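Below: structure-v1.pdb (PDB, C-alpha atoms)
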ATOM      1  CA  MET A 262      99.071 114.724  66.695
ATOM      2  CA  SER A 263     101.753 116.684  64.826
ATOM      3  CA  SER A 264     103.626 114.881  62.077
ATOM      4  CA  LYS A 265     106.958 115.424  63.845
ATOM      5  CA  PRO A 266     107.024 113.720  67.265
ATOM      6  CA  LEU A 267     108.043 115.898  70.188
ATOM      7  CA  GLN A 268     111.490 115.051  71.502
ATOM      8  CA  LEU A 269     111.108 114.076  75.165
ATOM      9  CA  GLN A 270     114.326 114.244  77.160
ATOM     10  CA  TYR A 271     115.296 114.057  80.808
ATOM     11  CA  ARG A 272     118.766 114.091  82.325
ATOM     12  CA  ALA A 273     119.148 113.803  86.098
ATOM     13  CA  PRO A 274     121.406 116.327  87.884
ATOM     14  CA  LEU A 275     124.795 114.971  88.890
ATOM     15  CA  TRP A 276     124.298 116.060  92.501
ATOM     16  CA  LEU A 277     121.316 113.725  92.999
ATOM     17  CA  PRO A 278     122.135 110.205  91.771
ATOM     18  CA  GLY A 279     119.970 107.105  92.100
ATOM     19  CA  GLY A 280     116.285 106.288  92.036
ATOM     20  CA  GLN A 281     115.720 106.530  95.783
ATOM     21  CA  ALA A 282     117.305 109.984  96.062
ATOM     22  CA  GLN A 283     115.477 111.165  92.929
ATOM     23  CA  THR A 284     112.204 110.059  94.551
ATOM     24  CA  ILE A 285     112.571 111.327  98.106
ATOM     25  CA  TRP A 286     114.475 114.611  97.712
ATOM     26  CA  PRO A 287     112.147 116.234  95.125
ATOM     27  CA  ALA A 288     109.065 115.341  97.169
ATOM     28  CA  LEU A 289     110.493 116.975 100.289
ATOM     29  CA  PHE A 290     112.848 119.757  99.260
ATOM     30  CA  SER A 291     112.785 120.744  95.580
ATOM     31  CA  ARG A 292     110.933 123.804  94.305
ATOM     32  CA  ARG A 293     107.481 122.902  93.036
ATOM     33  CA  ILE A 294     106.101 126.222  91.802
ATOM     34  CA  GLU A 295     106.967 128.986  89.382
ATOM     35  CA  GLY A 296     105.661 132.416  90.311
ATOM     36  CA  GLU A 297     102.916 132.652  92.906
ATOM     37  CA  ALA A 298     101.701 129.495  94.598
ATOM     38  CA  PRO A 299      98.606 128.148  92.814
ATOM     39  CA  GLN A 300      95.318 128.861  94.560
ATOM     40  CA  PHE A 301      92.475 126.388  94.311
ATOM     41  CA  LYS A 302      88.719 126.647  94.629
ATOM     42  CA  ARG A 303      87.015 123.518  95.901
ATOM     43  CA  GLU A 304      83.704 122.158  94.726
ATOM     44  CA  ARG A 305      81.901 119.048  95.907
ATOM     45  CA  TRP A 306      80.273 116.615  93.510
ATOM     46  CA  ALA A 307      77.611 114.122  94.557
ATOM     47  CA  THR A 308      78.315 110.650  93.170
ATOM     48  CA  PRO A 309      75.684 108.314  91.712
ATOM     49  CA  ASP A 310      75.970 106.017  94.759
ATOM     50  CA  GLY A 311      75.189 108.738  97.315
ATOM     51  CA  ASP A 312      78.770 109.654  98.150
ATOM     52  CA  PHE A 313      80.877 112.678  97.207
ATOM     53  CA  ILE A 314      84.211 113.691  95.739
ATOM     54  CA  ASP A 315      85.976 117.028  96.158
ATOM     55  CA  VAL A 316      87.420 118.744  93.095
ATOM     56  CA  ASP A 317      90.058 121.465  93.375
ATOM     57  CA  ARG A 318      90.107 123.882  90.436
ATOM     58  CA  LEU A 319      92.874 126.349  89.732
ATOM     59  CA  ASP A 320      91.689 129.825  90.622
ATOM     60  CA  ALA A 321      93.287 131.660  87.685
ATOM     61  CA  PRO A 322      91.861 133.438  84.615
ATOM     62  CA  HIS A 323      91.469 131.528  81.354
ATOM     63  CA  GLU A 324      89.302 131.682  78.249
ATOM     64  CA  ALA A 325      85.980 129.850  78.460
ATOM     65  CA  ASN A 326      86.970 127.531  75.624
ATOM     66  CA  ALA A 327      90.583 127.090  76.777
ATOM     67  CA  PRO A 328      91.886 123.546  77.149
ATOM     68  CA  LEU A 329      91.140 121.910  80.479
ATOM     69  CA  LEU A 330      93.890 119.819  82.066
ATOM     70  CA  VAL A 331      92.499 117.231  84.481
ATOM     71  CA  LEU A 332      95.064 115.582  86.749
ATOM     72  CA  PHE A 333      94.465 112.410  88.770
ATOM     73  CA  HIS A 334      96.712 112.068  91.817
ATOM     74  CA  GLY A 335      98.585 109.064  93.170
ATOM     75  CA  LEU A 336      98.140 106.874  96.241
ATOM     76  CA  GLU A 337      97.194 109.069  99.216
ATOM     77  CA  GLY A 338      97.899 112.210  97.170
ATOM     78  CA  SER A 339      96.044 115.519  97.192
ATOM     79  CA  SER A 340      96.176 118.982  95.651
ATOM     80  CA  GLN A 341      99.072 119.712  98.017
ATOM     81  CA  SER A 342     101.297 117.043  96.440
ATOM     82  CA  GLN A 343     104.390 118.490  94.790
ATOM     83  CA  TYR A 344     103.512 117.205  91.310
ATOM     84  CA  VAL A 345      99.994 118.687  91.491
ATOM     85  CA  GLN A 346     101.393 122.098  92.361
ATOM     86  CA  ALA A 347     103.872 121.860  89.481
ATOM     87  CA  PHE A 348     101.266 120.789  86.907
ATOM     88  CA  ALA A 349      98.949 123.586  88.045
ATOM     89  CA  CYS A 350     101.725 126.126  87.460
ATOM     90  CA  VAL A 351     102.430 124.783  83.966
ATOM     91  CA  ALA A 352      98.720 124.829  83.091
ATOM     92  CA  ARG A 353      98.413 128.409  84.368
ATOM     93  CA  ALA A 354     101.396 129.526  82.279
ATOM     94  CA  ARG A 355      99.755 128.031  79.175
ATOM     95  CA  GLY A 356      96.431 129.730  79.874
ATOM     96  CA  TRP A 357      94.700 126.393  80.471
ATOM     97  CA  ALA A 358      92.029 125.593  83.012
ATOM     98  CA  PHE A 359      93.153 123.032  85.580
ATOM     99  CA  ALA A 360      91.256 120.673  87.880
ATOM    100  CA  MET A 361      92.283 117.910  90.234
ATOM    101  CA  PRO A 362      89.552 115.607  91.560
ATOM    102  CA  HIS A 363      90.410 113.901  94.843
ATOM    103  CA  PHE A 364      89.802 110.197  94.976
ATOM    104  CA  ARG A 365      87.375 109.250  97.718
ATOM    105  CA  GLY A 366      88.767 109.876 101.184
ATOM    106  CA  CYS A 367      91.788 111.895  99.977
ATOM    107  CA  SER A 368      90.448 115.454 100.325
ATOM    108  CA  GLY A 369      90.734 115.553 104.110
ATOM    109  CA  GLU A 370      87.231 114.257 104.808
ATOM    110  CA  LEU A 371      86.154 110.618 105.030
ATOM    111  CA  ASN A 372      83.819 109.597 102.252
ATOM    112  CA  LEU A 373      80.412 108.062 102.999
ATOM    113  CA  ALA A 374      80.057 104.888 100.936
ATOM    114  CA  PRO A 375      81.536 101.499 101.870
ATOM    115  CA  ARG A 376      84.304 101.860  99.287
ATOM    116  CA  ALA A 377      87.447 103.896  98.701
ATOM    117  CA  TYR A 378      89.605 104.022  95.540
ATOM    118  CA  HIS A 379      92.049 101.743  93.759
ATOM    119  CA  SER A 380      94.432 101.437  90.812
ATOM    120  CA  GLY A 381      91.898  99.895  88.469
ATOM    121  CA  ASP A 382      89.053 102.308  89.214
ATOM    122  CA  PHE A 383      88.276 103.083  85.549
ATOM    123  CA  GLU A 384      84.528 103.418  86.101
ATOM    124  CA  GLU A 385      85.066 106.241  88.609
ATOM    125  CA  ILE A 386      87.528 107.879  86.211
ATOM    126  CA  GLY A 387      84.983 107.637  83.409
ATOM    127  CA  TRP A 388      82.223 109.195  85.504
ATOM    128  CA  MET A 389      84.433 112.125  86.524
ATOM    129  CA  LEU A 390      85.695 112.770  82.995
ATOM    130  CA  ALA A 391      82.154 112.690  81.604
ATOM    131  CA  ARG A 392      81.112 115.325  84.121
ATOM    132  CA  PHE A 393      84.108 117.535  83.315
ATOM    133  CA  LYS A 394      83.368 117.209  79.598
ATOM    134  CA  THR A 395      79.729 118.190  80.018
ATOM    135  CA  ALA A 396      80.626 121.337  81.963
ATOM    136  CA  HIS A 397      83.620 122.549  79.926
ATOM    137  CA  ALA A 398      83.371 124.044  76.446
ATOM    138  CA  GLY A 399      87.018 123.584  75.458
ATOM    139  CA  PRO A 400      89.060 120.462  74.719
ATOM    140  CA  MET A 401      90.131 118.232  77.597
ATOM    141  CA  LEU A 402      93.578 116.798  78.262
ATOM    142  CA  VAL A 403      94.087 114.290  81.046
ATOM    143  CA  ALA A 404      97.112 113.147  83.060
ATOM    144  CA  GLY A 405      97.417 110.713  85.929
ATOM    145  CA  VAL A 406     100.238 110.180  88.380
ATOM    146  CA  SER A 407     101.186 106.756  89.740
ATOM    147  CA  LEU A 408      97.944 105.028  90.852
ATOM    148  CA  GLY A 409      95.884 107.708  89.104
ATOM    149  CA  GLY A 410      97.776 107.145  85.871
ATOM    150  CA  ASN A 411      97.145 103.411  85.856
ATOM    151  CA  ALA A 412      93.427 103.974  86.484
ATOM    152  CA  LEU A 413      93.383 106.561  83.672
ATOM    153  CA  LEU A 414      94.982 104.126  81.228
ATOM    154  CA  ARG A 415      92.466 101.461  82.265
ATOM    155  CA  TRP A 416      89.696 103.952  81.408
ATOM    156  CA  ALA A 417      91.209 104.643  77.977
ATOM    157  CA  GLU A 418      91.565 100.914  77.377
ATOM    158  CA  GLU A 419      87.968 100.139  78.350
ATOM    159  CA  ALA A 420      86.577 103.147  76.466
ATOM    160  CA  GLY A 421      88.370 102.240  73.237
ATOM    161  CA  ASP A 422      87.137 104.286  70.268
ATOM    162  CA  SER A 423      84.652 106.198  72.440
ATOM    163  CA  ALA A 424      87.443 107.803  74.521
ATOM    164  CA  ALA A 425      88.092 110.373  71.777
ATOM    165  CA  ALA A 426      84.678 111.930  72.391
ATOM    166  CA  THR A 427      85.821 112.851  75.910
ATOM    167  CA  ALA A 428      89.584 113.531  75.868
ATOM    168  CA  ARG A 429      92.041 114.618  73.201
ATOM    169  CA  ALA A 430      94.980 112.804  74.822
ATOM    170  CA  VAL A 431      96.049 111.157  78.069
ATOM    171  CA  ALA A 432      99.343 110.759  79.909
ATOM    172  CA  SER A 433     100.343 108.443  82.735
ATOM    173  CA  ILE A 434     103.340 109.305  84.901
ATOM    174  CA  CYS A 435     105.288 106.688  86.871
ATOM    175  CA  SER A 436     102.236 104.449  86.956
ATOM    176  CA  PRO A 437     102.355 100.855  88.269
ATOM    177  CA  ILE A 438     101.056  99.434  85.002
ATOM    178  CA  ASP A 439     102.141  95.973  86.219
ATOM    179  CA  LEU A 440     100.589  95.971  89.695
ATOM    180  CA  ALA A 441     102.052  92.615  90.693
ATOM    181  CA  ALA A 442     105.624  93.697  89.871
ATOM    182  CA  SER A 443     105.140  97.002  91.685
ATOM    183  CA  GLY A 444     103.477  95.314  94.650
ATOM    184  CA  ARG A 445     106.422  92.958  95.044
ATOM    185  CA  ALA A 446     108.912  95.820  94.684
ATOM    186  CA  ILE A 447     107.334  98.042  97.328
ATOM    187  CA  GLY A 448     107.119  95.099  99.726
ATOM    188  CA  ARG A 449     110.877  94.478  99.852
ATOM    189  CA  GLY A 450     113.900  95.967 101.584
ATOM    190  CA  PHE A 451     114.228  99.748 101.822
ATOM    191  CA  ASN A 452     110.909 100.235 100.042
ATOM    192  CA  ARG A 453     109.100  98.210 102.696
ATOM    193  CA  LEU A 454     110.812 100.050 105.530
ATOM    194  CA  VAL A 455     110.119 103.531 104.159
ATOM    195  CA  TYR A 456     107.343 103.734 101.569
ATOM    196  CA  THR A 457     105.129 100.884 102.805
ATOM    197  CA  ARG A 458     105.171 102.295 106.320
ATOM    198  CA  MET A 459     104.453 105.797 105.009
ATOM    199  CA  PHE A 460     101.399 104.667 103.052
ATOM    200  CA  LEU A 461     100.008 102.407 105.775
ATOM    201  CA  ARG A 462     100.382 105.222 108.321
ATOM    202  CA  THR A 463      97.417 106.982 106.662
ATOM    203  CA  MET A 464      95.627 104.121 104.921
ATOM    204  CA  VAL A 465      95.039 101.943 107.974
ATOM    205  CA  PRO A 466      93.473 104.681 110.155
ATOM    206  CA  LYS A 467      91.205 105.721 107.271
ATOM    207  CA  ALA A 468      90.139 102.121 106.743
ATOM    208  CA  LEU A 469      89.348 101.737 110.446
ATOM    209  CA  LYS A 470      87.217 104.886 110.320
ATOM    210  CA  LYS A 471      85.446 103.314 107.359
ATOM    211  CA  LEU A 472      84.798 100.233 109.525
ATOM    212  CA  ALA A 473      83.288 102.455 112.224
ATOM    213  CA  GLN A 474      80.962 103.896 109.545
ATOM    214  CA  HIS A 475      80.025 100.435 108.278
ATOM    215  CA  PRO A 476      80.410  97.802 111.032
ATOM    216  CA  GLY A 477      81.262  94.346 109.755
ATOM    217  CA  LEU A 478      82.748  95.602 106.496
ATOM    218  CA  PHE A 479      86.012  93.720 107.149
ATOM    219  CA  ASP A 480      88.059  92.245 110.023
ATOM    220  CA  GLY A 481      89.392  95.255 111.935
ATOM    221  CA  GLU A 482      91.719  93.248 114.181
ATOM    222  CA  ARG A 483      93.453  91.680 111.201
ATOM    223  CA  LEU A 484      93.730  95.050 109.480
ATOM    224  CA  ARG A 485      95.485  96.542 112.508
ATOM    225  CA  GLU A 486      98.169  93.877 112.113
ATOM    226  CA  VAL A 487      98.936  94.368 108.395
ATOM    227  CA  ARG A 488     102.548  95.177 107.599
ATOM    228  CA  ASP A 489     102.527  95.467 103.823
ATOM    229  CA  LEU A 490     100.281  96.590 100.977
ATOM    230  CA  TYR A 491      99.638  93.007  99.836
ATOM    231  CA  GLU A 492      97.922  92.250 103.144
ATOM    232  CA  PHE A 493      96.089  95.581 103.110
ATOM    233  CA  ASP A 494      94.772  94.976  99.602
ATOM    234  CA  ASN A 495      93.729  91.432 100.554
ATOM    235  CA  LEU A 496      91.687  92.603 103.542
ATOM    236  CA  PHE A 497      90.408  95.971 102.323
ATOM    237  CA  THR A 498      90.985  97.081  98.728
ATOM    238  CA  ALA A 499      90.172  93.855  96.879
ATOM    239  CA  PRO A 500      86.976  92.716  98.644
ATOM    240  CA  LEU A 501      85.502  96.225  98.890
ATOM    241  CA  HIS A 502      85.883  96.826  95.168
ATOM    242  CA  GLY A 503      84.717  93.543  93.679
ATOM    243  CA  TYR A 504      87.960  91.569  93.475
ATOM    244  CA  ARG A 505      88.485  88.072  94.852
ATOM    245  CA  ASP A 506      91.822  88.858  96.513
ATOM    246  CA  THR A 507      95.046  90.810  95.983
ATOM    247  CA  GLU A 508      96.174  88.586  93.123
ATOM    248  CA  ASP A 509      92.887  89.089  91.301
ATOM    249  CA  TYR A 510      93.029  92.854  91.890
ATOM    250  CA  TRP A 511      96.588  93.143  90.660
ATOM    251  CA  ALA A 512      95.874  91.038  87.563
ATOM    252  CA  ARG A 513      92.614  92.732  86.503
ATOM    253  CA  GLY A 514      93.631  96.222  87.573
ATOM    254  CA  SER A 515      96.925  96.421  85.649
ATOM    255  CA  ALA A 516      97.001  98.577  82.527
ATOM    256  CA  LYS A 517     100.007  96.908  80.890
ATOM    257  CA  PRO A 518      98.210  93.891  79.325
ATOM    258  CA  HIS A 519      95.617  96.102  77.594
ATOM    259  CA  LEU A 520      97.652  99.011  76.187
ATOM    260  CA  HIS A 521      96.963  97.759  72.645
ATOM    261  CA  ARG A 522      93.270  98.660  73.122
ATOM    262  CA  ILE A 523      93.905 102.413  73.518
ATOM    263  CA  ARG A 524      92.536 104.554  70.666
ATOM    264  CA  ILE A 525      93.569 108.087  71.658
ATOM    265  CA  PRO A 526      97.097 109.521  71.959
ATOM    266  CA  ALA A 527      98.569 108.199  75.213
ATOM    267  CA  LEU A 528     101.932 108.945  76.781
ATOM    268  CA  VAL A 529     103.230 106.296  79.191
ATOM    269  CA  LEU A 530     106.146 107.750  81.163
ATOM    270  CA  ASN A 531     108.176 105.526  83.495
ATOM    271  CA  ALA A 532     111.711 106.155  84.735
ATOM    272  CA  ARG A 533     113.709 102.953  84.557
ATOM    273  CA  ASN A 534     115.166 103.555  88.036
ATOM    274  CA  ASP A 535     111.767 103.996  89.702
ATOM    275  CA  PRO A 536     111.915 102.149  93.061
ATOM    276  CA  PHE A 537     108.192 101.314  92.829
ATOM    277  CA  VAL A 538     107.953 100.253  89.175
ATOM    278  CA  PRO A 539     110.889  98.002  88.185
ATOM    279  CA  GLY A 540     112.351  98.724  84.784
ATOM    280  CA  SER A 541     112.254  95.001  84.028
ATOM    281  CA  CYS A 542     108.427  95.031  84.018
ATOM    282  CA  LEU A 543     108.043  97.921  81.568
ATOM    283  CA  PRO A 544     106.691  97.120  78.098
ATOM    284  CA  SER A 545     108.505  97.570  74.816
ATOM    285  CA  ALA A 546     106.919  99.253  71.815
ATOM    286  CA  THR A 547     106.705  95.830  70.167
ATOM    287  CA  GLU A 548     104.775  94.451  73.129
ATOM    288  CA  VAL A 549     102.344  97.364  73.039
ATOM    289  CA  GLY A 550     101.803  97.120  69.279
ATOM    290  CA  ASN A 551      99.783 100.341  69.203
ATOM    291  CA  ASP A 552     100.630 103.545  67.333
ATOM    292  CA  PHE A 553      98.477 105.577  69.721
ATOM    293  CA  VAL A 554     100.763 104.793  72.672
ATOM    294  CA  ARG A 555     104.047 106.643  73.135
ATOM    295  CA  LEU A 556     106.435 105.037  75.628
ATOM    296  CA  TRP A 557     108.934 107.325  77.356
ATOM    297  CA  GLN A 558     111.316 105.409  79.596
ATOM    298  CA  PRO A 559     114.257 107.616  80.602
ATOM    299  CA  PRO A 560     116.986 105.880  82.616
ATOM    300  CA  HIS A 561     116.624 108.290  85.552
ATOM    301  CA  GLY A 562     113.934 110.227  87.390
ATOM    302  CA  GLY A 563     112.859 108.030  90.297
ATOM    303  CA  HIS A 564     109.198 107.824  91.233
ATOM    304  CA  VAL A 565     107.490 111.106  90.278
ATOM    305  CA  GLY A 566     110.759 112.905  91.012
ATOM    306  CA  PHE A 567     112.526 114.102  87.863
ATOM    307  CA  PRO A 568     114.513 116.817  89.670
ATOM    308  CA  GLY A 569     116.358 119.484  87.737
ATOM    309  CA  GLY A 570     118.651 122.452  88.312
ATOM    310  CA  PHE A 571     121.052 123.203  91.122
ATOM    311  CA  PRO A 572     120.360 122.241  94.753
ATOM    312  CA  PRO A 573     117.710 122.094  96.061
ATOM    313  CA  GLY A 574     116.447 121.736  92.499
ATOM    314  CA  HIS A 575     112.953 121.930  91.052
ATOM    315  CA  VAL A 576     110.343 119.512  89.674
ATOM    316  CA  MET A 577     109.142 121.541  86.687
ATOM    317  CA  GLN A 578     110.867 119.625  83.862
ATOM    318  CA  MET A 579     108.541 116.640  83.824
ATOM    319  CA  PRO A 580     105.180 118.460  83.915
ATOM    320  CA  THR A 581     106.467 120.973  81.349
ATOM    321  CA  GLN A 582     107.339 118.207  78.892
ATOM    322  CA  VAL A 583     104.214 116.165  79.589
ATOM    323  CA  CYS A 584     102.035 119.207  78.946
ATOM    324  CA  ALA A 585     103.956 120.007  75.766
ATOM    325  CA  TRP A 586     103.299 116.468  74.588
ATOM    326  CA  LEU A 587      99.606 116.712  75.442
ATOM    327  CA  ALA A 588      99.373 120.075  73.670
ATOM    328  CA  GLN A 589     100.286 118.433  70.354
ATOM    329  CA  SER A 590      96.782 116.985  70.218
ATOM    330  CA  LEU A 591      95.094 120.407  70.300
TER     331      LEU A 591
END

Could I get this structure in the form of structure tokens?
Amino acid sequence: MSSKPLQLQYRAPLWLPGGQAQTIWPALFSRRIEGEAPQFKRERWATPDGDFIDVDRLDAPHEANAPLLVLFHGLEGSSQSQYVQAFACVARARGWAFAMPHFRGCSGELNLAPRAYHSGDFEEIGWMLARFKTAHAGPMLVAGVSLGGNALLRWAEEAGDSAAATARAVASICSPIDLAASGRAIGRGFNRLVYTRMFLRTMVPKALKKLAQHPGLFDGERLREVRDLYEFDNLFTAPLHGYRDTEDYWARGSAKPHLHRIRIPALVLNARNDPFVPGSCLPSATEVGNDFVRLWQPPHGGHVGFPGGFPPGHVMQMPTQVCAWLAQSL
């Protein structure tokens, strides 16, 4: 990293106050691209367990040894998510290669194995990054948004000193690094009425299709009755991925307790008014106790919002600054 730390700054526009507005409006209405819309080419990778993942690569010219930016999406995200489009535009402007692997079941086609994806899926992250590294001649930078960012940090934590052989630097954006605190937050009040319902609207049907693929995998009648993510994780996510229950998944899957183990430059960005990730659960630099980890906790921004400019605004500020931070490691 450079000897002079990059100054990271974000100031929310006066016309869009509050964490809820800064989350919802940018996702629906703000401009997400600069120049032409990014075009992706899709490739399918076979996984070691007989399944597949779909990777969308930016279809834009770059040098063979240019940096590669790999972005992991959030819960139920895809290459059409507003933050993916914005990061792809920033990577293109820098002359970087860009790739976004879809977690299993998120590319528009149901995956084959009796599993899906989850916030602590560091082994899957590690397998994908190893494959990217083998195929790309240039340095690799990695970012993860929300769920994808927590899983990325868990990979860096588990990899320890060996992570540097794969990636130059990593960044997590609005990640639920304390899964229990985030799980409680999304299960209450407005969050439960809006975000929980939005997520379950796609997650439950996909899980039931998974049950049709693999009869007896879980109790379908109980799953049809779930009303929050705690119940969903208890019936589906935890048992399918080797956890005892939701509490075990949240405890073992959270990145926050292990940040001190990271041995490559890591940016951990969380807005303090994020409706999903309460500011009260965010770590201090003293708690982290690790010079590799840079905490950026602006007071505003919402959950993966960070709008800027005049109405309807744009979402380019955050990915521009995150990529500038990552570029310091080149």

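When the PyMOL selection byres ((chain A and resi 378-395) around 7) is evaluated against the file, it yields Phe364, Arg365, Arg376, Ala377, Ala396, His397, Leu408, Gly409, Asn411, Ala412, Leu413, Arg415, Trp416, Thr427, Thr498, Gly514 and Ser515 of chain A.
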
If you count only C-alpha atoms, the residue of A:Arg533, A:Arg488, A:Arg303, A:Arg429 closest to A:Val565 turns out to be A:Arg533

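Selection result for the displayed file, with the PyMOL selection byres ((chain A and resi 551) around 12) as criterion, is Glu418, His519, Leu520, His521, Arg522, Ile523, Arg524, Ile525, Pro526, Ala527, Leu528, Pro544, Ser545, Ala546, Thr547, Glu548, Val549, Gly550, Asp552, Phe553, Val554, Arg555 and Leu556 of chain A.
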
- Message: Expand the PyMOL selection byres ((chain A and resi 327) around 8) into the explicit residue set it covers here, and present it as a PyMOL selection string.
- Response: chain A and resi 323-326+328-329+356-358+398-400

- Message: Which residues are near A:Gly574? Cut-off 10 Å, all atoms listed in the file, ignore same chain within fewer than 5 positions. Put them as number ranges by chain.
- Response: A: 274, 276-277, 286-287, 290-293, 567-569

Using all atoms listed in the file, find each residue of stretch 421-444 of chain A with at least one atom at most 12 Å away from an atom of stretch 492-495 of chain A; report its shortest atom-to-atom pair and that distance in Å (one decimal), sort the rows by chain and rising residue number, and return the result as JSON lines.
{"residue": "A:Leu440", "atom": "CA", "partner": "A:Asp494", "partner_atom": "CA", "distance": 11.5}
{"residue": "A:Ala441", "atom": "CA", "partner": "A:Asp494", "partner_atom": "CA", "distance": 11.7}
{"residue": "A:Gly444", "atom": "CA", "partner": "A:Asp494", "partner_atom": "CA", "distance": 10.0}

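Taking atom CA of A:His575 and atom CA of A:Ala347 as endpoints, the distance between them is 9.2 Å.
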
Nearest to A:Val316, restricted to all atoms listed in the file and choosing among A:Ala588, A:Leu472, A:Ala360, A:Leu336, comes out as A:Ala360

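The two atoms in question, atom CA of A:Arg483 and atom CA of A:Arg458, are spaced 16.5 Å apart.
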
### Query
Can you tell me, as JSON, numbers by chain, what residues are no more than 12 Å from A:Val345 when counting all atoms listed in the file, ignoring any on the same chain fewer than 6 positions away?
{"A": [288, 293, 294, 298, 299, 300, 301, 317, 318, 319, 330, 331, 332, 333, 334, 335, 338, 339, 351, 352, 359, 360, 361, 362, 363, 404, 405, 406, 409, 434, 565, 576, 577, 579, 580]}

### A:Pro375, A:Lys470, A:Val487, A:Asn452 ranked by distance to A:His502, top pick (using only C-alpha atoms)
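Of A:Pro375, A:Lys470, A:Val487, A:Asn452, the one nearest A:His502 is A:Pro375, counting only C-alpha atoms.
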
Atom CA of A:Ser590 to atom CA of A:Ala432 measures 11.8 Å

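With all atoms listed in the file as the atoms that count, the minimum distance from A:Ile438 to the choices A:Arg505, A:Leu484, A:Leu490, A:Ala516 is reached by A:Ala516.
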
Nearest candidate to A:Val465 (options A:Arg513, A:Arg485, A:Arg355, A:Arg445; using only C-alpha atoms)
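Once distances to A:Val465 are computed over only C-alpha atoms, the minimum belongs to A:Arg485.
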
Complete stretch 467-472 of chain A with all heavy atoms (output as a short mmCIF file (atom, residue, chain, number, x, y, z; two decimals), in the frame of the given file).
data_model
loop_
_atom_site.label_atom_id
_atom_site.label_comp_id
_atom_site.auth_asym_id
_atom_site.auth_seq_id
_atom_site.Cartn_x
_atom_site.Cartn_y
_atom_site.Cartn_z
N LYS A 467 92.38 105.40 108.08
CA LYS A 467 91.20 105.72 107.27
C LYS A 467 90.31 104.50 107.09
O LYS A 467 89.08 104.60 107.12
CB LYS A 467 91.63 106.29 105.91
CG LYS A 467 92.15 107.72 105.99
CD LYS A 467 92.08 108.45 104.67
CE LYS A 467 92.93 107.86 103.59
NZ LYS A 467 93.01 108.74 102.39
N ALA A 468 90.94 103.34 106.89
CA ALA A 468 90.14 102.12 106.74
C ALA A 468 89.39 101.79 108.03
O ALA A 468 88.23 101.36 107.98
CB ALA A 468 91.05 100.95 106.36
N LEU A 469 90.01 102.02 109.17
CA LEU A 469 89.35 101.74 110.45
C LEU A 469 88.20 102.71 110.69
O LEU A 469 87.17 102.34 111.28
CB LEU A 469 90.36 101.79 111.59
CG LEU A 469 91.41 100.66 111.56
CD1 LEU A 469 92.46 100.88 112.65
CD2 LEU A 469 90.75 99.29 111.73
N LYS A 470 88.34 103.95 110.25
CA LYS A 470 87.22 104.89 110.32
C LYS A 470 86.08 104.43 109.41
O LYS A 470 84.90 104.59 109.73
CB LYS A 470 87.67 106.30 109.93
CG LYS A 470 88.59 106.97 110.95
CD LYS A 470 89.00 108.36 110.48
CE LYS A 470 89.91 109.02 111.50
NZ LYS A 470 90.38 110.36 111.04
N LYS A 471 86.45 103.86 108.27
CA LYS A 471 85.45 103.31 107.36
C LYS A 471 84.70 102.16 108.03
O LYS A 471 83.48 102.02 107.88
CB LYS A 471 86.12 102.85 106.06
CG LYS A 471 85.21 102.26 105.01
CD LYS A 471 84.21 103.25 104.48
CE LYS A 471 84.86 104.48 103.89
NZ LYS A 471 83.84 105.46 103.43
N LEU A 472 85.42 101.34 108.79
CA LEU A 472 84.80 100.23 109.52
C LEU A 472 83.84 100.76 110.58
O LEU A 472 82.76 100.17 110.79
CB LEU A 472 85.87 99.37 110.17
CG LEU A 472 85.40 98.15 110.95
CD1 LEU A 472 84.67 97.17 110.04
CD2 LEU A 472 86.59 97.45 111.62
#
